[in-house]
$ cat input.txt   # compact mmCIF, C-alpha atoms
# COMPACT_ATOMS: atom_id res chain seq x y z
CA MET A 1 -13.75 -11.52 -30.97
CA ASP A 2 -16.85 -10.73 -28.89
CA LEU A 3 -16.72 -7.24 -27.37
CA ALA A 4 -18.82 -8.40 -24.43
CA LEU A 5 -16.17 -10.98 -23.55
CA LEU A 6 -13.44 -8.36 -23.77
CA ARG A 7 -15.43 -6.01 -21.56
CA THR A 8 -15.87 -8.76 -18.97
CA PHE A 9 -12.17 -9.58 -19.15
CA LEU A 10 -11.12 -5.95 -18.67
CA THR A 11 -13.48 -5.51 -15.72
CA VAL A 12 -12.11 -8.61 -13.98
CA HIS A 13 -8.55 -7.52 -14.79
CA ARG A 14 -9.13 -4.15 -13.16
CA ALA A 15 -11.07 -5.58 -10.23
CA GLY A 16 -8.59 -8.36 -9.54
CA SER A 17 -11.45 -10.67 -8.70
CA PHE A 18 -14.20 -12.61 -10.48
CA THR A 19 -16.56 -11.82 -7.61
CA ARG A 20 -15.97 -8.08 -7.67
CA GLY A 21 -15.96 -8.01 -11.47
CA ALA A 22 -19.30 -9.81 -11.54
CA ALA A 23 -20.77 -7.27 -9.12
CA LEU A 24 -19.57 -4.36 -11.25
CA LEU A 25 -21.01 -5.94 -14.39
CA GLY A 26 -24.30 -6.95 -12.78
CA LEU A 27 -23.69 -10.60 -13.66
CA SER A 28 -23.43 -13.78 -11.64
CA GLN A 29 -19.98 -15.08 -10.85
CA PRO A 30 -20.58 -18.31 -12.84
CA ALA A 31 -21.54 -16.20 -15.87
CA VAL A 32 -18.33 -14.19 -15.59
CA THR A 33 -16.27 -17.34 -15.10
CA GLY A 34 -17.88 -18.84 -18.19
CA GLN A 35 -17.16 -15.73 -20.27
CA ILE A 36 -13.52 -15.66 -19.23
CA ARG A 37 -13.19 -19.38 -20.00
CA SER A 38 -14.75 -18.79 -23.43
CA LEU A 39 -12.30 -15.97 -24.15
CA GLU A 40 -9.36 -18.10 -23.00
CA ASN A 41 -10.52 -20.87 -25.34
CA GLN A 42 -10.64 -18.43 -28.26
CA ILE A 43 -7.17 -17.11 -27.52
CA GLY A 44 -5.75 -20.50 -26.64
CA ARG A 45 -3.92 -19.25 -23.55
CA PRO A 46 -4.88 -18.66 -19.92
CA LEU A 47 -5.54 -15.02 -19.03
CA PHE A 48 -5.55 -15.26 -15.23
CA HIS A 49 -3.82 -17.13 -12.46
CA ARG A 50 -6.44 -18.24 -9.92
CA MET A 51 -5.24 -17.30 -6.45
CA ALA A 52 -6.49 -17.74 -2.88
CA ARG A 53 -7.85 -14.19 -2.98
CA GLY A 54 -8.86 -13.06 -6.43
CA VAL A 55 -6.93 -13.45 -9.65
CA ALA A 56 -3.73 -12.10 -11.19
CA ALA A 57 -3.28 -11.63 -14.90
CA THR A 58 -0.87 -13.83 -16.81
CA ALA A 59 1.63 -12.22 -19.18
CA VAL A 60 -0.87 -12.80 -22.00
CA GLY A 61 -3.63 -11.26 -19.89
CA GLU A 62 -1.55 -8.16 -19.13
CA GLU A 63 -0.75 -7.69 -22.81
CA LEU A 64 -4.40 -8.11 -23.80
CA ALA A 65 -5.54 -5.60 -21.17
CA ARG A 66 -2.98 -3.07 -22.35
CA LYS A 67 -4.13 -3.42 -25.95
CA VAL A 68 -7.91 -3.41 -25.48
CA ALA A 69 -8.41 -0.97 -22.56
CA PRO A 70 -8.00 2.29 -24.54
CA HIS A 71 -10.35 1.09 -27.26
CA LEU A 72 -13.06 -0.24 -24.94
CA ASP A 73 -12.92 2.95 -22.86
CA ALA A 74 -13.15 5.06 -26.02
CA LEU A 75 -16.11 3.01 -27.24
CA THR A 76 -17.85 3.51 -23.90
CA GLU A 77 -17.31 7.25 -24.18
CA VAL A 78 -18.73 7.37 -27.71
CA THR A 79 -21.75 5.34 -26.65
CA GLU A 80 -22.46 7.51 -23.63
CA ARG A 81 -22.10 10.74 -25.59
CA GLY A 82 -24.39 9.40 -28.27
CA LEU A 83 -27.12 8.64 -25.79
CA HIS A 84 -27.55 12.31 -24.91
CA GLN A 85 -25.82 14.24 -27.65
CA ASP A 86 -28.65 16.78 -27.81
CA GLY A 87 -28.04 17.73 -24.16
CA THR A 88 -31.55 16.86 -22.97
CA GLY A 89 -30.58 13.77 -20.96
CA ARG A 90 -29.73 14.08 -17.29
CA ARG A 91 -27.08 11.75 -15.91
CA THR A 92 -26.62 10.92 -12.22
CA VAL A 93 -23.28 11.00 -10.44
CA HIS A 94 -22.99 9.16 -7.13
CA LEU A 95 -20.46 10.84 -4.84
CA ALA A 96 -19.26 9.46 -1.50
CA GLY A 97 -16.96 10.96 1.10
CA PRO A 98 -16.55 12.09 4.71
CA PRO A 99 -19.58 14.08 5.89
CA GLU A 100 -17.94 17.43 6.73
CA PHE A 101 -15.62 17.83 3.74
CA THR A 102 -18.20 16.49 1.29
CA ALA A 103 -21.00 18.69 2.62
CA LEU A 104 -19.03 21.90 3.05
CA ARG A 105 -16.58 21.68 0.16
CA ALA A 106 -17.56 19.24 -2.58
CA VAL A 107 -21.34 19.51 -2.77
CA PRO A 108 -21.50 23.34 -2.96
CA ALA A 109 -18.85 23.25 -5.70
CA LEU A 110 -20.92 20.82 -7.78
CA THR A 111 -24.28 22.58 -7.71
CA ALA A 112 -23.43 24.48 -10.90
CA LEU A 113 -23.30 21.17 -12.77
CA ILE A 114 -27.05 20.72 -12.29
CA GLU A 115 -27.62 23.21 -15.10
CA GLN A 116 -25.36 21.05 -17.27
CA GLY A 117 -27.55 17.99 -16.98
CA VAL A 118 -25.97 16.28 -13.98
CA SER A 119 -27.95 14.95 -11.03
CA LEU A 120 -26.11 14.33 -7.78
CA ARG A 121 -26.51 11.63 -5.16
CA VAL A 122 -24.35 11.92 -2.05
CA ALA A 123 -23.41 9.34 0.58
CA PHE A 124 -21.25 9.79 3.67
CA GLY A 125 -18.78 7.37 5.21
CA THR A 126 -15.24 6.76 6.36
CA THR A 127 -12.44 6.37 3.84
CA GLU A 128 -12.61 2.59 4.21
CA GLU A 129 -16.36 2.57 3.69
CA VAL A 130 -16.40 4.84 0.64
CA LEU A 131 -13.51 2.95 -1.01
CA GLU A 132 -15.36 -0.33 -0.54
CA GLY A 133 -18.52 1.23 -1.96
CA LEU A 134 -16.66 2.65 -4.94
CA ALA A 135 -14.99 -0.69 -5.68
CA ALA A 136 -18.38 -2.40 -5.49
CA GLY A 137 -19.94 0.09 -7.91
CA HIS A 138 -22.16 1.85 -5.36
CA SER A 139 -20.63 5.24 -6.17
CA ASP A 140 -18.85 6.87 -9.11
CA LEU A 141 -16.48 9.20 -7.27
CA ALA A 142 -15.08 9.05 -3.76
CA LEU A 143 -13.36 11.64 -1.60
CA THR A 144 -10.80 9.84 0.54
CA THR A 145 -7.99 10.66 2.93
CA GLY A 146 -5.95 7.69 1.76
CA ARG A 147 -4.57 6.78 -1.66
CA PRO A 148 -6.17 3.57 -2.94
CA ARG A 149 -4.12 0.52 -3.84
CA GLY A 150 -4.47 -1.85 -6.77
CA ARG A 151 -5.47 -1.23 -10.35
CA LEU A 152 -9.24 -1.00 -9.86
CA LEU A 153 -9.21 2.40 -8.13
CA THR A 154 -7.17 5.47 -9.01
CA GLY A 155 -6.75 8.43 -6.65
CA THR A 156 -5.72 11.92 -7.73
CA PRO A 157 -4.49 14.35 -5.03
CA LEU A 158 -7.25 16.92 -4.59
CA CYS A 159 -6.16 19.28 -1.82
CA ASP A 160 -4.46 19.53 1.55
CA GLU A 161 -6.23 20.71 4.66
CA GLU A 162 -4.37 22.20 7.61
CA LEU A 163 -5.05 20.68 11.01
CA VAL A 164 -5.22 22.99 14.03
CA LEU A 165 -5.40 22.23 17.76
CA VAL A 166 -8.22 24.30 19.25
CA ALA A 167 -10.17 24.86 22.45
CA ALA A 168 -12.71 27.36 23.71
CA ALA A 169 -11.29 30.60 25.11
CA ARG A 170 -11.96 29.61 28.75
CA TRP A 171 -9.96 26.38 28.40
CA ALA A 172 -7.11 28.28 26.74
CA ALA A 173 -7.08 30.76 29.64
CA ARG A 174 -7.18 27.95 32.22
CA ILE A 175 -4.02 26.26 30.93
CA GLY A 176 -2.11 29.47 30.23
CA GLY A 177 -2.87 29.75 26.52
CA PRO A 178 -0.59 29.05 23.56
CA VAL A 179 2.43 30.27 25.53
CA ALA A 180 2.08 27.38 27.99
CA VAL A 181 1.72 24.84 25.16
CA ARG A 182 4.80 26.22 23.38
CA THR A 183 6.76 26.07 26.63
CA ASP A 184 5.57 22.83 28.20
CA GLY A 185 4.40 20.91 25.15
CA PRO A 186 1.69 18.27 25.58
CA SER A 187 2.12 18.20 29.35
CA ALA A 188 0.22 21.52 29.43
CA LEU A 189 -2.76 19.68 27.91
CA GLU A 190 -2.89 16.63 30.19
CA HIS A 191 -6.05 17.71 32.01
CA VAL A 192 -7.95 19.08 29.01
CA PRO A 193 -10.66 16.65 27.80
CA ALA A 194 -10.02 15.39 24.26
CA LEU A 195 -12.77 15.30 21.60
CA SER A 196 -12.65 13.32 18.37
CA VAL A 197 -14.64 11.56 15.66
CA HIS A 198 -13.39 8.07 16.50
CA GLU A 199 -12.08 6.11 19.48
CA ARG A 200 -8.70 5.88 17.71
CA MET A 201 -8.63 9.70 17.67
CA PRO A 202 -6.93 9.84 14.24
CA LEU A 203 -6.50 13.60 13.88
CA MET A 204 -5.21 14.14 17.42
CA THR A 205 -2.86 11.16 17.10
CA ARG A 206 -1.47 12.60 13.86
CA TYR A 207 -1.07 16.02 15.45
CA TRP A 208 0.76 14.63 18.51
CA THR A 209 3.19 12.50 16.50
CA THR A 210 3.82 15.22 13.91
CA VAL A 211 4.03 18.32 16.10
CA PHE A 212 5.00 17.00 19.54
CA GLU A 213 6.88 13.98 18.17
CA GLU A 214 5.41 11.65 20.76
CA PRO A 215 2.34 9.43 21.03
CA MET A 216 -0.86 10.72 22.55
CA HIS A 217 -1.86 8.87 25.71
CA GLN A 218 -5.24 10.48 26.44
CA SER A 219 -8.49 8.76 25.53
CA GLY A 220 -11.47 10.57 24.12
CA THR A 221 -13.98 12.23 26.43
CA VAL A 222 -16.44 12.94 23.61
CA ILE A 223 -16.56 10.82 20.44
CA ALA A 224 -18.92 11.97 17.67
CA PRO A 225 -18.60 10.71 14.06
CA ASP A 226 -18.90 14.17 12.50
CA LEU A 227 -16.34 16.94 12.87
CA ARG A 228 -19.12 19.52 12.93
CA ALA A 229 -20.49 17.91 16.10
CA VAL A 230 -17.00 17.90 17.58
CA LEU A 231 -16.67 21.60 16.73
CA GLN A 232 -19.91 22.43 18.54
CA CYS A 233 -18.77 20.54 21.62
CA VAL A 234 -15.47 22.45 21.63
CA LEU A 235 -17.35 25.75 21.24
CA ASN A 236 -19.50 24.80 24.24
CA GLY A 237 -16.40 24.30 26.36
CA ALA A 238 -16.20 20.51 26.40
CA GLY A 239 -12.45 20.41 25.76
CA MET A 240 -9.91 20.42 22.93
CA ALA A 241 -9.88 18.92 19.45
CA VAL A 242 -7.82 18.86 16.29
CA LEU A 243 -9.93 20.21 13.43
CA PRO A 244 -9.43 21.28 9.82
CA ARG A 245 -8.72 25.00 9.77
CA TYR A 246 -11.44 25.69 7.18
CA LEU A 247 -14.01 24.33 9.64
CA CYS A 248 -13.13 26.76 12.41
CA THR A 249 -11.65 29.82 10.64
CA GLU A 250 -14.54 32.10 11.57
CA HIS A 251 -14.48 31.03 15.22
CA LEU A 252 -10.72 31.61 15.43
CA ARG A 253 -11.21 35.03 13.90
CA ASN A 254 -13.92 36.10 16.37
CA GLY A 255 -12.16 34.62 19.38
CA THR A 256 -14.68 31.96 20.37
CA LEU A 257 -11.96 29.40 19.61
CA VAL A 258 -8.25 29.66 20.33
CA ALA A 259 -5.48 27.85 18.45
CA LEU A 260 -3.49 26.30 21.29
CA LEU A 261 -0.38 26.12 19.12
CA GLU A 262 0.67 27.49 15.75
CA PRO A 263 3.56 25.25 14.66
CA THR A 264 5.93 26.51 11.99
CA VAL A 265 5.06 23.52 9.84
CA PRO A 266 1.43 22.58 10.56
CA PRO A 267 0.27 19.01 10.03
CA LEU A 268 -1.71 18.45 6.84
CA ARG A 269 -4.24 15.90 5.67
CA THR A 270 -4.41 15.16 1.95
CA TYR A 271 -7.67 14.40 0.17
CA PHE A 272 -7.79 12.25 -2.94
CA LEU A 273 -10.44 12.19 -5.64
CA THR A 274 -10.83 8.50 -6.40
CA VAL A 275 -12.49 6.72 -9.33
CA ARG A 276 -12.78 3.21 -10.71
CA ALA A 277 -10.55 2.49 -13.66
CA GLY A 278 -12.26 3.20 -16.96
CA THR A 279 -15.13 5.28 -15.60
CA LEU A 280 -13.61 8.60 -16.63
CA ALA A 281 -14.56 7.55 -20.16
CA LEU A 282 -18.13 8.40 -19.11
CA PRO A 283 -18.66 12.11 -19.85
CA HIS A 284 -20.79 12.96 -16.81
CA ILE A 285 -18.28 11.38 -14.43
CA ALA A 286 -15.33 12.95 -16.22
CA ARG A 287 -16.98 16.37 -16.09
CA THR A 288 -17.69 16.05 -12.36
CA HIS A 289 -14.14 14.85 -11.73
CA GLU A 290 -12.66 17.78 -13.63
CA TRP A 291 -15.00 20.25 -11.91
CA LEU A 292 -13.92 19.10 -8.45
CA LEU A 293 -10.24 19.28 -9.34
CA ARG A 294 -10.73 22.83 -10.59
CA ALA A 295 -12.74 23.87 -7.52
CA ALA A 296 -10.11 22.44 -5.17
CA THR A 297 -7.52 24.98 -6.35
CA ARG A 298 -9.55 27.58 -4.41
CA TRP A 299 -9.87 25.58 -1.18
$ encode --input "input.txt" --output "structure tokens"
Amino acid sequence: MDLALLRTFLTVHRAGSFTRGAALLGLSQPAVTGQIRSLENQIGRPLFHRMARGVAATAVGEELARKVAPHLDALTEVTERGLHQDGTGRRTVHLAGPPEFTALRAVPALTALIEQGVSLRVAFGTTEEVLEGLAAGHSDLALTTGRPRGRLLTGTPLCDEELVLVAAARWAARIGGPVAVRTDGPSALEHVPALSVHERMPLMTRYWTTVFEEPMHQSGTVIAPDLRAVLQCVLNGAGMAVLPRYLCTEHLRNGTLVALLEPTVPPLRTYFLTVRAGTLALPHIARTHEWLLRAATRW
């Protein structure tokens, strides 16, 4: 049985779509369709149910995928290791994730891999954007704040970040500080401008529903798609924001920022390290994946 046909089959099986599988393989959709039809003719049974959106494996297809996946992944690993077994080759890893976390956490942790023959290419985007890019083969690893669905992408919990409600010292003094927020709840914050990275105000909405147990009714006064920009606006006295604690630890320590509330159980946001199925068989991706998981234990 032709290994190329099996590789095409496994890619489509994991992608759940001829179109997406073709993109990952660098082939046209008719070519992929023809290869799957050829394999089905050899086996004598259909491998996929054609559906309105994508395909679903038949029982025969599921059994075939289970049997061939470990061997094809192992063969890929052997091939990739053989290409650069003397250590002179440099392989590129494409990493995508949110700008702040990727720039301040992930990239610094990966610089040591450069000496081990890894080149790094970094792209920024929302969770939705980086998951779409990963599924389409534009990146090798993605840092996401949501666990992916389906069999094409696999997310491993990487770390939790604590979210903290902050404002500049003058705003804290104006509303009566953390004592007022503990006493009056969100009503103490009604006249404080809200700053966020998106019109939906995802971090503030999560904070309000988790800590105050009610929806947030304010709209954003400043919207900037980078938490570092939001931080600078808060430092300059523009209002309040919910930020990851790691981003503002130094400012909280020196008093330029004030935590408006320190709940007993602070809200958390979980990051996932996400890959396409089968790509951890590639040594340079597997090494980067392992390196990030190890680094995250210190974050």
$ residues_near_point --input "input.txt" --point "(-2.0, 9.9, 12.4)" --cutoff "12 Å" --atoms "all atoms listed in the file" --output "list in words"
Thr145, Gly146, Leu163, Arg200, Met201, Pro202, Leu203, Met204, Thr205, Arg206, Tyr207, Trp208, Thr209, Thr210, Val211, Glu213, Glu214, Pro215, Met216, Val242, Pro267, Leu268, Arg269 and Thr270 of chain A
$ atom_distance --input "input.txt" --atom1 "CA of Ala229 in chain A" --atom2 "CA of Pro193 in chain A"
15.3 Å
$ residues_around --input "input.txt" --residues "range 125-138 of chain A" --least-positions-apart "5" --cutoff "9 Å" --atoms "only C-alpha atoms" --output "MDAnalysis selection string"
chainID A and resid 15 20:21 23:25 94 96:99 143:146 148 152:153 274:276
$ atom_distance --input "input.txt" --atom1 "CA of Ala296 in chain A" --atom2 "CA of Ile223 in chain A"
28.9 Å
$ residues_around --input "input.txt" --residues "range 63-68 of chain A" --least-positions-apart "6" --cutoff "10 Å" --atoms "all atoms listed in the file" --output "ChimeraX atom specification"
/A:3,6-7,9-11,13-14,47,57,74
$ atom_distance --input "input.txt" --atom1 "CA of Ala172 in chain A" --atom2 "CA of Asp226 in chain A"
23.3 Å
$ residues_near_point --input "input.txt" --point "(5.4, 19.0, 27.7)" --cutoff "12 Å" --atoms "only C-alpha atoms" --output "ChimeraX atom specification"
/A:179-190,208,211-214,216
$ residues_around --input "input.txt" --residues "Val166 in chain A" --least-positions-apart "2" --cutoff "8 Å" --atoms "only C-alpha atoms" --output "PyMOL selection string"
chain A and resi 164+168+234+240-243+257-260
$ closest_residue --input "input.txt" --among "A:Val93, A:Ala286, A:Thr154, A:Glu62" --to "Ile114 in chain A" --atoms "all atoms listed in the file"
A:Val93
$ closest_residue --input "input.txt" --among "A:Asn254, A:Thr297, A:Gln35, A:Asn41" --to "Pro157 in chain A" --atoms "only C-alpha atoms"
A:Thr297
$ closest_residue --input "input.txt" --among "A:Gly255, A:Gly278, A:Gly239, A:Pro225" --to "Glu100 in chain A" --atoms "all atoms listed in the file"
A:Pro225
